[in-house]
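Novice: This is the structure I have questions about; it appears just below.
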Amino acid sequence: MDTPQHLSFRSYGADGPLHSHDHVQIVLPMQGEMDIEVDGRGNTLDVTRAAFVAPDVNHAQSAQAANRFLILDCKLADIGADAAERLRRQPFLPVSAAVRRLVEFIDLSRETVGGLVLPESVVRHCTPLLLEALTAMPQRQSRLHGLLLRIDAAPGQAWTAARMARVANLSVSRLHAVFKSELGRTPQEWLSDVRLRFVQDGLAGSDVPLAELALRAGYSDQSALTRAMRRTTGMTPAAYRREHRREHRQ
């Protein structure tokens, strides 16, 4: 099959079957996280990590909470022989600040008409840019990798800049520089995003009371969470929960 370049949105459930396809697929996280196995190698995809699935390579995925991913399908020739071989050997890709900004732009361009769809002009212009940014990414582990995993595992802890710097073995000033270089944000902006994602996953996928979710995520109280949700999503936590529960029932 001669698969054209294509972008789409997808959400995943638990215990997806092992399968393969005859085209390249790149899985870019937008919300939540997902465990994935590619050619016998497992990892967790979140906003810091994407996956490259080569043609005819077996893979399976499983997600427990609310999630949304941007899927890029294309031909092997669109990647180029050298990049394709490199990505086949190292299928888990760090998401750079440039890729994250492009994904966020694509997300803002979506239209909710019979599902999440993208204008053809966005697909046509953004897909080559996304492919170029992904294949040019350095295949090395981020200097922030360990820190980001710890924050994701316990977002409600007191993550001051000084503590983040100690965990990452960097000075505070260097920590800010690396965050800006690799993720395009300050440490506190990143922490705010992680905490908000944690709450959104809890709202969509659990019955944990709002006040308890706020404390688990590191907000001082439910009012602080409500202000953050309104500022970021334009919705209260209760409204967000109702909306996403309705989507899952449809």
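Ordered as shown in the structure tokens, chains take letters A, B, and onward, while each chain numbers its residues from 1 and ligands are numbered from 1 in the order shown.
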According to DSSP computed on the backbone, where in range 31-103 of chain A is there strand (DSSP E or B)? Give the residues as a ChimeraX atom specification.
Specialist: /A:31,34-38,41-46,49-53,59-62,68-74,92-94
Novice: Would you write out, as a tab-separated table, a table of all residues in range 82-125 of chain A that have an atom no more than 10 Å from an atom of range 7-10 of chain A, listing for each the closest atom pair and the distance in Å to one decimal, considering only C-alpha atoms and ordering rows by chain and rising residue number?
Specialist:
residue	atom	partner	partner_atom	distance
A:Ile106	CA	A:Leu7	CA	9.4
A:Asp107	CA	A:Phe9	CA	9.1
A:Arg110	CA	A:Phe9	CA	9.3
A:Gly115	CA	A:Phe9	CA	9.2
A:Leu116	CA	A:Phe9	CA	6.6
A:Val117	CA	A:Ser8	CA	7.0
A:Leu118	CA	A:Ser8	CA	7.4
A:Glu120	CA	A:Leu7	CA	9.6
A:Val122	CA	A:Leu7	CA	9.2
A:Val123	CA	A:Leu7	CA	6.2
A:Arg124	CA	A:Leu7	CA	9.2
Novice: What does the distance between CA of Leu72 in chain A and CA of Gly184 in chain A come to in Å, to one decimal place?
Specialist: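 Between CA of Leu72 in chain A and CA of Gly184 in chain A the gap works out to 22.2 Å.
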Novice: Using only C-alpha atoms, which residues sit within 10 Å of Ser62 in chain A once same-chain residues fewer than 5 positions away are excluded, as a ChimeraX atom specification?
Specialist: /A:12-17,33-37,44
Novice: Show me, as a PyMOL selection string, the residues that have an atom within 8 Å of range 127-135 of chain A when counting only C-alpha atoms, minus same-chain residues fewer than 6 positions from it.
Specialist: chain A and resi 5-7+72+79+83+87+93+95+98-99+102
Novice: Which residues, written as a compact mmCIF listing (two decimals) with N, CA and C atoms, in the first residue's frame, have at least one atom at most 9 Å from Gln188 in chain A, with only C-alpha atoms counted and residues fewer than 3 positions away on the same chain left out?
Specialist:
# COMPACT_ATOMS: atom_id res chain seq x y z
N TRP A 159 7.92 20.79 44.37
CA TRP A 159 8.96 20.83 43.35
C TRP A 159 9.42 22.28 43.15
N THR A 160 10.30 22.73 44.02
CA THR A 160 10.90 24.05 43.83
C THR A 160 11.99 23.96 42.77
N ALA A 161 12.39 25.10 42.24
CA ALA A 161 13.47 25.11 41.25
C ALA A 161 14.75 24.55 41.85
N ARG A 185 10.06 25.86 27.73
CA ARG A 185 9.34 26.42 28.85
C ARG A 185 10.23 26.51 30.09
N LEU A 191 6.01 22.24 35.27
CA LEU A 191 5.37 21.65 36.44
C LEU A 191 3.87 21.94 36.43
N SER A 192 3.49 23.15 36.09
CA SER A 192 2.07 23.50 36.03
C SER A 192 1.34 22.64 35.01
N ASP A 193 1.98 22.40 33.85
CA ASP A 193 1.37 21.55 32.83
C ASP A 193 1.19 20.12 33.33
Novice: Contacts of range 227-233 of chain A at 10 Å or less, counting only C-alpha atoms, minus same-chain residues fewer than 3 places along, as JSON, numbers by chain?
Specialist: {"A": [192, 193, 195, 196, 199, 200, 219, 222, 223, 224, 236, 237, 240]}
Novice: Write a file of the selected residues as a short mmCIF file (atom, residue, chain, number, x, y, z; two decimals), in the first residue's frame, keeping N, CA and C atoms.
Specialist:
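Wrote it out as out.cif, contents follow:
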data_model
loop_
_atom_site.label_atom_id
_atom_site.label_comp_id
_atom_site.auth_asym_id
_atom_site.auth_seq_id
_atom_site.Cartn_x
_atom_site.Cartn_y
_atom_site.Cartn_z
N SER A 192 3.49 23.15 36.09
CA SER A 192 2.07 23.50 36.03
C SER A 192 1.34 22.64 35.01
N ASP A 193 1.98 22.40 33.85
CA ASP A 193 1.37 21.55 32.83
C ASP A 193 1.19 20.12 33.33
N ARG A 195 0.93 19.07 36.44
CA ARG A 195 -0.10 19.03 37.47
C ARG A 195 -1.50 19.11 36.85
N LEU A 196 -1.64 19.96 35.85
CA LEU A 196 -2.94 20.09 35.22
C LEU A 196 -3.31 18.82 34.47
N VAL A 199 -4.55 16.25 36.93
CA VAL A 199 -5.93 16.51 37.34
C VAL A 199 -6.91 16.15 36.23
N GLN A 200 -6.60 16.53 34.98
CA GLN A 200 -7.50 16.23 33.88
C GLN A 200 -7.69 14.73 33.71
N TYR A 219 -1.88 21.46 44.25
CA TYR A 219 -2.56 22.74 44.42
C TYR A 219 -2.86 22.96 45.90
N GLN A 222 -8.89 23.48 46.50
CA GLN A 222 -9.73 23.32 45.32
C GLN A 222 -9.90 24.62 44.56
N SER A 223 -9.92 25.75 45.27
CA SER A 223 -10.07 27.04 44.61
C SER A 223 -8.89 27.34 43.69
N ALA A 224 -7.68 26.98 44.14
CA ALA A 224 -6.49 27.19 43.30
C ALA A 224 -6.57 26.36 42.03
N THR A 236 -14.47 24.90 34.59
CA THR A 236 -14.23 24.49 35.96
C THR A 236 -13.92 23.00 35.98
N PRO A 237 -13.30 22.51 37.06
CA PRO A 237 -13.05 21.06 37.13
C PRO A 237 -14.33 20.23 37.02
N TYR A 240 -15.42 20.19 33.41
CA TYR A 240 -14.50 19.35 32.62
C TYR A 240 -14.84 17.87 32.83
#
Novice: For Asp221 in chain A, which of A:Val103, A:Gly156, A:Leu144, A:Asp78 is the closest residue, counting only C-alpha atoms?
Specialist: A:Gly156
